[in-house]
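Asks: Next comes the structure file start-v9.tsv, holding TSV, C-alpha atoms and all ligand atoms.
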chain	number	residue	atom	x	y	z
A	1353	MET	CA	0.00	0.00	0.00
A	1354	LYS	CA	1.43	3.37	-1.07
A	1355	ILE	CA	0.69	6.76	0.56
A	1356	LEU	CA	0.17	9.82	-1.65
A	1357	ASN	CA	-0.24	13.22	-0.03
A	1358	PHE	CA	-1.56	15.74	-2.60
A	1359	GLY	CA	-1.17	18.89	-0.56
A	1360	SER	CA	-0.04	22.43	0.07
A	1361	LEU	CA	3.47	23.74	0.62
A	1362	ASN	CA	3.91	27.14	2.27
A	1363	ILE	CA	6.69	29.40	3.37
A	1364	ASP	CA	5.62	30.21	6.95
A	1365	LYS	CA	6.42	33.77	8.05
A	1366	VAL	CA	6.13	33.47	11.81
A	1367	TYR	CA	5.77	36.59	13.95
A	1368	GLN	CA	6.24	36.19	17.72
A	1369	VAL	CA	3.80	38.54	19.49
A	1370	LYS	CA	2.65	39.08	23.07
A	1371	ASP	CA	-1.03	38.87	22.06
A	1372	PHE	CA	-2.72	38.55	18.66
A	1373	VAL	CA	-3.37	41.83	16.86
A	1374	ARG	CA	-6.97	43.07	17.27
A	1375	PRO	CA	-9.15	44.80	14.64
A	1376	GLY	CA	-7.90	48.35	14.04
A	1377	GLU	CA	-4.79	47.81	16.19
A	1378	THR	CA	-1.10	48.07	15.18
A	1379	ILE	CA	1.40	46.02	17.18
A	1380	SER	CA	5.11	45.29	17.03
A	1381	SER	CA	6.39	41.73	16.83
A	1382	LYS	CA	9.31	40.46	18.91
A	1383	LYS	CA	10.75	38.20	16.23
A	1384	LEU	CA	10.22	37.09	12.62
A	1385	GLU	CA	11.31	33.64	11.44
A	1386	PHE	CA	10.81	31.73	8.19
A	1387	PHE	CA	9.90	28.04	8.34
A	1388	CYS	CA	8.84	25.33	5.89
A	1389	GLY	CA	5.12	24.72	6.31
A	1390	GLY	CA	1.79	24.17	4.68
A	1391	LYS	CA	-0.51	21.50	6.07
A	1392	GLY	CA	0.41	19.25	3.16
A	1393	LEU	CA	4.16	19.51	3.60
A	1394	ASN	CA	3.92	19.21	7.40
A	1395	GLN	CA	1.83	16.06	7.15
A	1396	SER	CA	4.20	14.46	4.62
A	1397	ILE	CA	7.14	15.21	6.90
A	1398	ALA	CA	5.25	13.75	9.87
A	1399	ILE	CA	4.45	10.57	7.92
A	1400	SER	CA	8.06	10.20	6.89
A	1401	ARG	CA	9.47	10.95	10.37
A	1402	ALA	CA	6.99	8.38	11.70
A	1403	GLY	CA	8.72	5.84	9.49
A	1404	ALA	CA	6.38	5.38	6.49
A	1405	PRO	CA	7.32	6.10	2.86
A	1406	VAL	CA	5.24	8.90	1.30
A	1407	TYR	CA	4.85	10.61	-2.10
A	1408	HIS	CA	4.14	14.34	-2.00
A	1409	ALA	CA	2.32	15.91	-4.98
A	1410	GLY	CA	1.55	19.61	-5.35
A	1411	CYS	CA	3.04	22.85	-6.68
A	1412	ILE	CA	5.68	25.30	-5.54
A	1413	GLY	CA	6.61	28.57	-7.25
A	1414	TYR	CA	9.90	30.09	-8.38
A	1415	ASP	CA	10.78	30.91	-4.76
A	1416	GLY	CA	9.90	27.53	-3.26
A	1417	ASP	CA	13.16	25.59	-3.41
A	1418	MET	CA	13.50	25.56	0.39
A	1419	LEU	CA	10.26	23.53	0.48
A	1420	SER	CA	11.26	20.90	-2.08
A	1421	ASP	CA	14.66	20.68	-0.36
A	1422	ALA	CA	12.93	20.06	2.98
A	1423	LEU	CA	10.88	17.22	1.48
A	1424	THR	CA	13.95	15.64	-0.08
A	1425	ALA	CA	15.92	16.00	3.17
A	1426	SER	CA	13.11	14.08	4.89
A	1427	HIS	CA	13.35	11.26	2.29
A	1428	ILE	CA	9.95	12.07	0.73
A	1429	HIS	CA	9.32	11.13	-2.92
A	1430	THR	CA	8.95	14.37	-4.92
A	1431	GLU	CA	8.57	13.21	-8.51
A	1432	TYR	CA	4.94	14.47	-8.59
A	1433	LEU	CA	5.84	17.93	-7.26
A	1434	LYS	CA	5.76	20.72	-9.90
A	1435	LYS	CA	7.64	24.02	-9.93
A	1436	LEU	CA	5.76	26.92	-11.59
A	1437	GLU	CA	6.72	30.48	-12.57
A	1438	ILE	CA	4.39	32.05	-9.99
A	1439	PRO	CA	4.87	32.77	-6.26
A	1440	THR	CA	4.92	29.90	-3.78
A	1441	GLY	CA	2.11	29.75	-1.22
A	1442	HIS	CA	2.81	31.40	2.10
A	1443	ALA	CA	1.31	31.77	5.54
A	1444	ILE	CA	1.48	34.74	7.88
A	1445	ILE	CA	1.43	33.29	11.38
A	1446	GLN	CA	1.21	35.06	14.72
A	1447	VAL	CA	2.43	33.02	17.69
A	1448	SER	CA	1.45	34.49	21.06
A	1449	ASP	CA	3.29	34.24	24.38
A	1450	THR	CA	0.94	31.40	25.36
A	1451	GLY	CA	1.98	29.39	22.29
A	1452	GLN	CA	-1.32	29.81	20.44
A	1453	ASN	CA	-1.29	30.68	16.74
A	1454	CYS	CA	-3.48	32.32	14.13
A	1455	ILE	CA	-2.83	32.03	10.41
A	1456	ILE	CA	-3.52	33.92	7.17
A	1457	LEU	CA	-2.92	31.92	3.98
A	1458	PHE	CA	-1.86	33.11	0.56
A	1459	GLY	CA	-2.51	30.22	-1.85
A	1460	GLY	CA	0.00	31.03	-4.61
A	1461	ALA	CA	1.17	27.89	-6.44
A	1462	ASN	CA	-1.03	25.72	-4.19
A	1463	GLN	CA	-4.02	27.06	-6.11
A	1464	ALA	CA	-2.57	26.28	-9.55
A	1465	ILE	CA	-2.97	22.48	-9.62
A	1466	THR	CA	-4.20	21.38	-13.06
A	1467	GLU	CA	-6.53	18.58	-14.07
A	1468	SER	CA	-3.74	16.99	-16.09
A	1469	GLN	CA	-1.39	17.02	-13.06
A	1470	ILE	CA	-4.09	15.22	-11.08
A	1471	ARG	CA	-4.72	12.63	-13.78
A	1472	GLU	CA	-1.01	12.01	-14.35
A	1473	THR	CA	-0.20	11.72	-10.63
A	1474	LEU	CA	-3.10	9.40	-9.80
A	1475	SER	CA	-2.17	7.12	-12.73
A	1476	HIS	CA	0.77	5.93	-10.58
A	1477	PHE	CA	-1.50	4.77	-7.73
A	1478	SER	CA	-4.13	2.07	-7.43
A	1479	ALA	CA	-6.95	0.58	-5.38
A	1480	GLY	CA	-6.16	0.35	-1.66
A	1481	ASP	CA	-3.47	3.05	-1.75
A	1482	ILE	CA	-3.99	5.97	0.62
A	1483	LEU	CA	-4.64	9.50	-0.67
A	1484	LEU	CA	-4.23	12.17	2.00
A	1485	LEU	CA	-5.78	15.60	1.37
A	1486	GLN	CA	-6.16	18.90	3.19
A	1487	ASN	CA	-8.08	21.91	1.89
A	1488	GLU	CA	-5.27	24.28	0.91
A	1489	ILE	CA	-5.15	23.35	-2.80
A	1490	ASN	CA	-7.60	23.82	-5.67
A	1491	HIS	CA	-9.51	21.01	-7.47
A	1492	LEU	CA	-10.18	19.07	-4.27
A	1493	ALA	CA	-13.53	17.71	-5.52
A	1494	LEU	CA	-11.93	16.45	-8.73
A	1495	LEU	CA	-9.13	14.74	-6.81
A	1496	ILE	CA	-11.66	13.01	-4.55
A	1497	GLU	CA	-13.81	11.98	-7.51
A	1498	GLN	CA	-10.90	10.43	-9.42
A	1499	ALA	CA	-9.26	8.76	-6.42
A	1500	PHE	CA	-12.64	7.31	-5.36
A	1501	GLU	CA	-13.17	5.86	-8.84
A	1502	LYS	CA	-9.78	4.14	-8.56
A	1503	GLY	CA	-10.73	2.66	-5.18
A	1504	MET	CA	-8.14	4.58	-3.18
A	1505	GLN	CA	-8.69	5.14	0.55
A	1506	ILE	CA	-9.21	8.87	1.01
A	1507	TYR	CA	-8.11	10.52	4.27
A	1508	LEU	CA	-9.36	14.10	4.43
A	1509	ASN	CA	-8.19	16.78	6.84
A	1510	PRO	CA	-10.87	19.39	6.03
A	1511	SER	CA	-8.75	22.36	6.96
A	1512	PRO	CA	-9.60	25.17	6.46
A	1513	VAL	CA	-13.36	24.70	6.10
A	1514	THR	CA	-14.32	26.86	3.09
A	1515	GLU	CA	-17.13	27.05	0.54
A	1516	GLN	CA	-15.06	24.71	-1.74
A	1517	LEU	CA	-14.95	22.16	1.05
A	1518	LYS	CA	-18.68	22.31	1.67
A	1519	GLU	CA	-19.22	21.07	-1.93
A	1520	ILE	CA	-17.39	17.81	-1.18
A	1521	SER	CA	-19.53	14.72	-0.69
A	1522	LEU	CA	-18.33	12.99	2.45
A	1523	ASP	CA	-19.61	9.60	1.31
A	1524	LYS	CA	-16.46	9.20	-0.80
A	1525	ILE	CA	-14.17	9.76	2.19
A	1526	SER	CA	-12.73	6.86	4.20
A	1527	CYS	CA	-11.48	8.84	7.19
A	1528	LEU	CA	-12.04	12.44	8.27
A	1529	ILE	CA	-9.34	13.90	10.53
A	1530	LEU	CA	-10.46	17.21	11.99
A	1531	ASN	CA	-10.32	19.53	14.98
A	1532	GLU	CA	-13.14	20.97	17.08
A	1533	ILE	CA	-13.67	24.10	14.98
A	1534	GLU	CA	-13.75	22.14	11.74
A	1535	ALA	CA	-16.17	19.59	13.24
A	1536	ALA	CA	-18.60	22.37	14.22
A	1537	ASP	CA	-18.34	24.08	10.80
A	1538	LEU	CA	-18.76	20.87	8.86
A	1539	CYS	CA	-21.68	19.77	10.99
A	1540	ALA	CA	-23.44	23.11	10.41
A	1541	SER	CA	-22.87	22.82	6.66
A	1542	GLU	CA	-24.19	19.21	6.57
A	1543	TRP	CA	-27.26	20.35	8.52
A	1544	GLU	CA	-27.86	23.03	5.92
A	1545	LYS	CA	-27.23	20.69	2.95
A	1546	GLN	CA	-29.51	17.98	4.32
A	1547	LYS	CA	-32.13	20.54	5.40
A	1548	LEU	CA	-32.15	19.29	8.99
A	1549	ALA	CA	-33.83	21.35	11.72
A	1550	ALA	CA	-31.49	24.06	13.03
A	1551	SER	CA	-32.78	23.32	16.55
A	1552	SER	CA	-31.30	19.80	16.37
A	1553	LEU	CA	-27.78	21.04	15.45
A	1554	PRO	CA	-25.32	19.38	17.87
A	1555	GLU	CA	-23.57	21.72	20.26
A	1556	SER	CA	-20.33	20.11	21.42
A	1557	PRO	CA	-17.49	18.91	19.13
A	1558	LYS	CA	-18.02	15.33	20.33
A	1559	GLU	CA	-21.72	15.51	19.46
A	1560	CYS	CA	-20.80	16.94	16.05
A	1561	ALA	CA	-18.43	14.03	15.39
A	1562	ARG	CA	-21.11	11.53	16.42
A	1563	ALA	CA	-23.69	13.30	14.24
A	1564	LEU	CA	-21.41	13.25	11.18
A	1565	HIS	CA	-20.74	9.58	11.86
A	1566	SER	CA	-24.43	8.75	11.93
A	1567	LEU	CA	-25.04	10.68	8.72
A	1568	TYR	CA	-22.15	8.77	7.05
A	1569	PRO	CA	-21.85	5.41	8.86
A	1570	GLY	CA	-19.03	4.20	6.57
A	1571	LEU	CA	-16.88	7.20	7.47
A	1572	GLN	CA	-14.19	6.90	10.14
A	1573	ILE	CA	-13.81	10.08	12.19
A	1574	LEU	CA	-10.77	11.18	14.14
A	1575	LEU	CA	-11.48	14.33	16.15
A	1576	THR	CA	-8.57	16.14	17.79
A	1577	MET	CA	-9.36	18.48	20.68
A	1578	GLY	CA	-5.98	19.92	21.65
A	1579	THR	CA	-5.36	19.48	25.38
A	1580	GLY	CA	-8.77	17.75	25.55
A	1581	GLY	CA	-7.40	14.67	23.75
A	1582	SER	CA	-8.82	12.95	20.67
A	1583	ILE	CA	-11.61	10.56	19.80
A	1584	PHE	CA	-11.99	7.99	17.03
A	1585	LEU	CA	-15.27	6.67	15.66
A	1586	SER	CA	-15.44	3.73	13.28
A	1587	GLY	CA	-18.47	1.48	12.90
A	1588	GLN	CA	-19.45	0.60	16.49
A	1589	LYS	CA	-16.00	1.47	17.79
A	1590	PHE	CA	-15.36	4.54	19.97
A	1591	HIS	CA	-11.93	5.29	21.40
A	1592	PHE	CA	-10.70	8.22	23.50
A	1593	GLN	CA	-7.01	9.15	23.75
A	1594	GLU	CA	-5.84	11.65	26.36
A	1595	ALA	CA	-3.45	14.44	25.42
A	1596	PHE	CA	-0.05	14.32	27.14
A	1597	PRO	CA	0.47	17.46	29.28
A	1598	VAL	CA	3.44	19.65	28.24
A	1599	ASN	CA	4.41	23.33	28.29
A	1600	ALA	CA	3.46	24.54	24.81
A	1601	VAL	CA	5.66	27.12	23.11
A	1602	ASP	CA	4.12	26.89	19.62
A	1603	THR	CA	1.08	24.80	18.66
A	1604	THR	CA	1.57	25.28	14.89
A	1605	ALA	CA	1.49	21.90	13.11
A	1606	ALA	CA	0.41	19.95	16.21
A	1607	GLY	CA	-2.60	18.69	14.24
A	1608	ASP	CA	-0.43	17.94	11.21
A	1609	THR	CA	1.95	15.92	13.37
A	1610	PHE	CA	-0.99	13.97	14.81
A	1611	THR	CA	-2.41	13.32	11.33
A	1612	GLY	CA	0.89	12.16	9.84
A	1613	TYR	CA	1.75	9.88	12.76
A	1614	PHE	CA	-1.74	8.37	12.79
A	1615	ILE	CA	-1.69	7.58	9.07
A	1616	ALA	CA	1.83	6.16	9.17
A	1617	ALA	CA	0.87	3.85	12.04
A	1618	VAL	CA	-2.40	2.72	10.45
A	1619	SER	CA	-0.63	2.07	7.12
A	1620	ARG	CA	1.76	-0.34	8.82
A	1621	GLY	CA	-1.17	-2.20	10.36
A	1622	ASP	CA	-1.27	-0.75	13.90
A	1623	THR	CA	-4.65	-0.52	15.62
A	1624	ALA	CA	-6.34	2.89	15.80
A	1625	GLU	CA	-5.73	2.86	19.58
A	1626	ALA	CA	-1.97	2.35	19.19
A	1627	ALA	CA	-1.84	4.87	16.33
A	1628	MET	CA	-3.60	7.52	18.44
A	1629	GLU	CA	-1.31	7.03	21.41
A	1630	GLU	CA	1.79	7.43	19.26
A	1631	ALA	CA	0.25	10.42	17.44
A	1632	ALA	CA	-0.63	12.07	20.76
A	1633	LYS	CA	2.96	11.69	22.00
A	1634	ALA	CA	4.40	13.03	18.73
A	1635	SER	CA	2.17	16.12	18.78
A	1636	ALA	CA	2.91	16.75	22.47
A	1637	ILE	CA	6.62	16.86	21.60
A	1638	ALA	CA	5.93	19.09	18.57
A	1639	VAL	CA	4.21	21.82	20.61
A	1640	THR	CA	7.26	22.17	22.86
A	1641	ARG	CA	9.26	23.38	19.83
A	1642	ALA	CA	9.05	26.38	17.50
A	1643	GLY	CA	7.98	26.20	13.86
A	1644	ALA	CA	5.77	23.93	11.78
A	1645	SER	CA	7.65	21.08	10.09
A	1646	ALA	CA	10.76	21.94	12.13
A	1647	SER	CA	8.94	20.89	15.30
A	1648	ILE	CA	7.93	17.38	14.15
A	1649	PRO	CA	9.88	14.68	16.03
A	1650	LEU	CA	11.45	11.53	14.64
A	1651	ARG	CA	9.81	8.23	15.61
A	1652	GLU	CA	12.85	7.22	17.73
A	1653	GLU	CA	12.26	10.28	19.94
A	1654	VAL	CA	8.56	9.49	20.23
A	1655	LEU	CA	9.18	5.88	21.22
A	1656	ALA	CA	11.79	6.94	23.81
A	1657	TRP	CA	9.50	9.66	25.28
A	1658	LYS	CA	7.63	8.93	28.57
B	1	LIG	O1	-1.11	23.54	10.21
B	1	LIG	C1	-0.12	24.51	10.22
B	1	LIG	C2	0.09	25.04	8.82
B	1	LIG	O2	-1.06	25.72	8.40
B	1	LIG	C3	1.21	26.04	8.69
B	1	LIG	O3	2.44	25.45	8.42
B	1	LIG	C4	0.71	26.99	7.60
B	1	LIG	O4	1.48	26.99	6.46
B	1	LIG	C5	-0.72	26.57	7.33
B	1	LIG	O5	-0.84	25.82	6.19
Give the structure from the file, written as structure tokens.
Replies:
Amino acid sequence: MKILNFGSLNIDKVYQVKDFVRPGETISSKKLEFFCGGKGLNQSIAISRAGAPVYHAGCIGYDGDMLSDALTASHIHTEYLKKLEIPTGHAIIQVSDTGQNCIILFGGANQAITESQIRETLSHFSAGDILLLQNEINHLALLIEQAFEKGMQIYLNPSPVTEQLKEISLDKISCLILNEIEAADLCASEWEKQKLAASSLPESPKECARALHSLYPGLQILLTMGTGGSIFLSGQKFHFQEAFPVNAVDTTAAGDTFTGYFIAAVSRGDTAEAAMEEAAKASAIAVTRAGASASIPLREEVLAWK
């Protein structure tokens, strides 16, 4: 079974601030650093550091060599990565003194995926292979359509939840990996699509996950809740994994680390329970370090931790 991650690559411009800027306010930052990021790139690096081979497809621009170099340095297959004569995607990230982050994306090359790149890339994969997707590239619906027709297992991290994402039919997805905010947004959009009574809209993230699972019983759902742990729903199975307590300095890419470690473990045949425990440890380590992909630990460190 091969793993293909068709996903974004961003140059992360990370500003260290005391508190996030508020509407109408001007603030000074304490520090500016540049990191390799993008949910796609981070998740590929997490999969690879967790010990599983992964192919990364997507687009960088003329200024994106640091991103392709980072993939290669992490032993990720890059033959389906294209370099275009437009700017690379980037993210403007504020990290506060409490380690929280907020992010503005500029799509750049991530939004220039073509239908022929999709067709060509998918022709190298077959039924049973895993396709991992986030929502930072264009043509997501087409990718899902074509991968579903081939019988690939589709893991979707619906981040960020946008109008494009709301068009996706979840019945083609094998596993949804999402956080609390995404669960609430997706639930609200399903309620609207299926014309369900607004009064019956679930309130808590856990209820949202359960509601999505009952609307799509074939869908596995992995909900991450930061320090509140994570839950997994599959068929009749329900599993809760606690988060490991640490002092967070930067939570950027914690979810990406969790996603990559979970998929790597599942692809080598581990149970969801074992995969979640390892993923929870890896993301706990990641939040104690600065940066996105730079913070993702190697599997040896995770296995030796606690
Ligand atoms: O999940 C963190 C990532 O989100 C950052 O690396 C940034 O590039 C955005 O894609």
Asks: What does the distance between atom CA of Gly1612 of chain A and atom CA of Glu1437 of chain A come to in Å, to one decimal place?
Replies: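 Interatomic distance, atom CA of Gly1612 of chain A to atom CA of Glu1437 of chain A: 29.5 Å.
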Asks: Restricting the calculation to only C-alpha atoms: of A:Gln1368, A:Thr1473, A:Thr1576, A:Ser1380, which residue gets closest to Ile1444 of chain A?
Replies: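 Smallest separation from Ile1444 of chain A among the options: A:Gln1368.
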Asks: Could you give me, as an NGL selection string, every polymer residue with an atom at most 10 Å away from an atom of ligand LIG 1 (chain B), counting all atoms listed in the file?
Replies: :A and (1359-1366 or 1387-1395 or 1441-1445 or 1453-1459 or 1486-1488 or 1511-1512 or 1603-1609 or 1643-1646)
Asks: Store the residues picked out above, limited to C-alpha atoms, as a tab-separated table (two decimals), in the coordinates of the input.
Replies:
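The result, written out as part.tsv:
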chain	number	residue	atom	x	y	z
A	1359	GLY	CA	-1.17	18.89	-0.56
A	1360	SER	CA	-0.04	22.43	0.07
A	1361	LEU	CA	3.47	23.74	0.62
A	1362	ASN	CA	3.91	27.14	2.27
A	1363	ILE	CA	6.69	29.40	3.37
A	1364	ASP	CA	5.62	30.21	6.95
A	1365	LYS	CA	6.42	33.77	8.05
A	1366	VAL	CA	6.13	33.47	11.81
A	1387	PHE	CA	9.90	28.04	8.34
A	1388	CYS	CA	8.84	25.33	5.89
A	1389	GLY	CA	5.12	24.72	6.31
A	1390	GLY	CA	1.79	24.17	4.68
A	1391	LYS	CA	-0.51	21.50	6.07
A	1392	GLY	CA	0.41	19.25	3.16
A	1393	LEU	CA	4.16	19.51	3.60
A	1394	ASN	CA	3.92	19.21	7.40
A	1395	GLN	CA	1.83	16.06	7.15
A	1441	GLY	CA	2.11	29.75	-1.22
A	1442	HIS	CA	2.81	31.40	2.10
A	1443	ALA	CA	1.31	31.77	5.54
A	1444	ILE	CA	1.48	34.74	7.88
A	1445	ILE	CA	1.43	33.29	11.38
A	1453	ASN	CA	-1.29	30.68	16.74
A	1454	CYS	CA	-3.48	32.32	14.13
A	1455	ILE	CA	-2.83	32.03	10.41
A	1456	ILE	CA	-3.52	33.92	7.17
A	1457	LEU	CA	-2.92	31.92	3.98
A	1458	PHE	CA	-1.86	33.11	0.56
A	1459	GLY	CA	-2.51	30.22	-1.85
A	1486	GLN	CA	-6.16	18.90	3.19
A	1487	ASN	CA	-8.08	21.91	1.89
A	1488	GLU	CA	-5.27	24.28	0.91
A	1511	SER	CA	-8.75	22.36	6.96
A	1512	PRO	CA	-9.60	25.17	6.46
A	1603	THR	CA	1.08	24.80	18.66
A	1604	THR	CA	1.57	25.28	14.89
A	1605	ALA	CA	1.49	21.90	13.11
A	1606	ALA	CA	0.41	19.95	16.21
A	1607	GLY	CA	-2.60	18.69	14.24
A	1608	ASP	CA	-0.43	17.94	11.21
A	1609	THR	CA	1.95	15.92	13.37
A	1643	GLY	CA	7.98	26.20	13.86
A	1644	ALA	CA	5.77	23.93	11.78
A	1645	SER	CA	7.65	21.08	10.09
A	1646	ALA	CA	10.76	21.94	12.13
Asks: What is the distance, in Å and to one decimal place, between atom CA of Lys1383 of chain A and atom CA of Gln1452 of chain A?
Replies: 15.3 Å
Asks: If you count all atoms listed in the file, which residues fall within 9 Å of segment 1398-1404 of chain A, apart from same-chain ones fewer than 5 positions away, as a PyMOL selection string?
Replies: chain A and resi 1355+1393+1426-1428+1608-1617+1619-1620+1634+1645+1648-1652+1654
Asks: Please identify all polymer residues within 9 Å of segment 1528-1539 of chain A, counting all atoms listed in the file, omitting same-chain residues fewer than 6 positions from it, and present them as a PyMOL selection string.
Replies: chain A and resi 1506-1513+1517-1518+1522+1553-1558+1560-1561+1563-1564+1571-1578+1582+1607+1611
Asks: Keeping C-alpha atoms for every residue in the selection just given, could you write it to a file as an mmCIF file, in the coordinates of the input?
Replies:
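Written out: selection-v1.cif:
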data_model
loop_
_atom_site.group_PDB
_atom_site.id
_atom_site.type_symbol
_atom_site.label_atom_id
_atom_site.label_comp_id
_atom_site.auth_asym_id
_atom_site.auth_seq_id
_atom_site.Cartn_x
_atom_site.Cartn_y
_atom_site.Cartn_z
ATOM 1 C CA ILE A 1506 -9.210 8.870 1.010
ATOM 2 C CA TYR A 1507 -8.110 10.520 4.270
ATOM 3 C CA LEU A 1508 -9.360 14.100 4.430
ATOM 4 C CA ASN A 1509 -8.190 16.780 6.840
ATOM 5 C CA PRO A 1510 -10.870 19.390 6.030
ATOM 6 C CA SER A 1511 -8.750 22.360 6.960
ATOM 7 C CA PRO A 1512 -9.600 25.170 6.460
ATOM 8 C CA VAL A 1513 -13.360 24.700 6.100
ATOM 9 C CA LEU A 1517 -14.950 22.160 1.050
ATOM 10 C CA LYS A 1518 -18.680 22.310 1.670
ATOM 11 C CA LEU A 1522 -18.330 12.990 2.450
ATOM 12 C CA LEU A 1553 -27.780 21.040 15.450
ATOM 13 C CA PRO A 1554 -25.320 19.380 17.870
ATOM 14 C CA GLU A 1555 -23.570 21.720 20.260
ATOM 15 C CA SER A 1556 -20.330 20.110 21.420
ATOM 16 C CA PRO A 1557 -17.490 18.910 19.130
ATOM 17 C CA LYS A 1558 -18.020 15.330 20.330
ATOM 18 C CA CYS A 1560 -20.800 16.940 16.050
ATOM 19 C CA ALA A 1561 -18.430 14.030 15.390
ATOM 20 C CA ALA A 1563 -23.690 13.300 14.240
ATOM 21 C CA LEU A 1564 -21.410 13.250 11.180
ATOM 22 C CA LEU A 1571 -16.880 7.200 7.470
ATOM 23 C CA GLN A 1572 -14.190 6.900 10.140
ATOM 24 C CA ILE A 1573 -13.810 10.080 12.190
ATOM 25 C CA LEU A 1574 -10.770 11.180 14.140
ATOM 26 C CA LEU A 1575 -11.480 14.330 16.150
ATOM 27 C CA THR A 1576 -8.570 16.140 17.790
ATOM 28 C CA MET A 1577 -9.360 18.480 20.680
ATOM 29 C CA GLY A 1578 -5.980 19.920 21.650
ATOM 30 C CA SER A 1582 -8.820 12.950 20.670
ATOM 31 C CA GLY A 1607 -2.600 18.690 14.240
ATOM 32 C CA THR A 1611 -2.410 13.320 11.330
#
Asks: Do you have the atom CA of Gly1413 of chain A-atom CA of Ser1647 of chain A distance handy?
Replies: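 Computed distance, atom CA of Gly1413 of chain A to atom CA of Ser1647 of chain A, equals 23.9 Å.
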Asks: Looking at A:Asp1421, A:Gln1446, A:Glu1653, A:Phe1584, which one is nearest to Ala1627 of chain A, with distances taken over only C-alpha atoms?
Replies: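 Using only C-alpha atoms, the shortest distance to Ala1627 of chain A belongs to A:Phe1584.
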Asks: Using only C-alpha atoms, which of the listed residues (A:Lys1434, A:Thr1514, A:Ala1493, A:Gly1451) sits closest to Glu1472 of chain A?
Replies: A:Lys1434
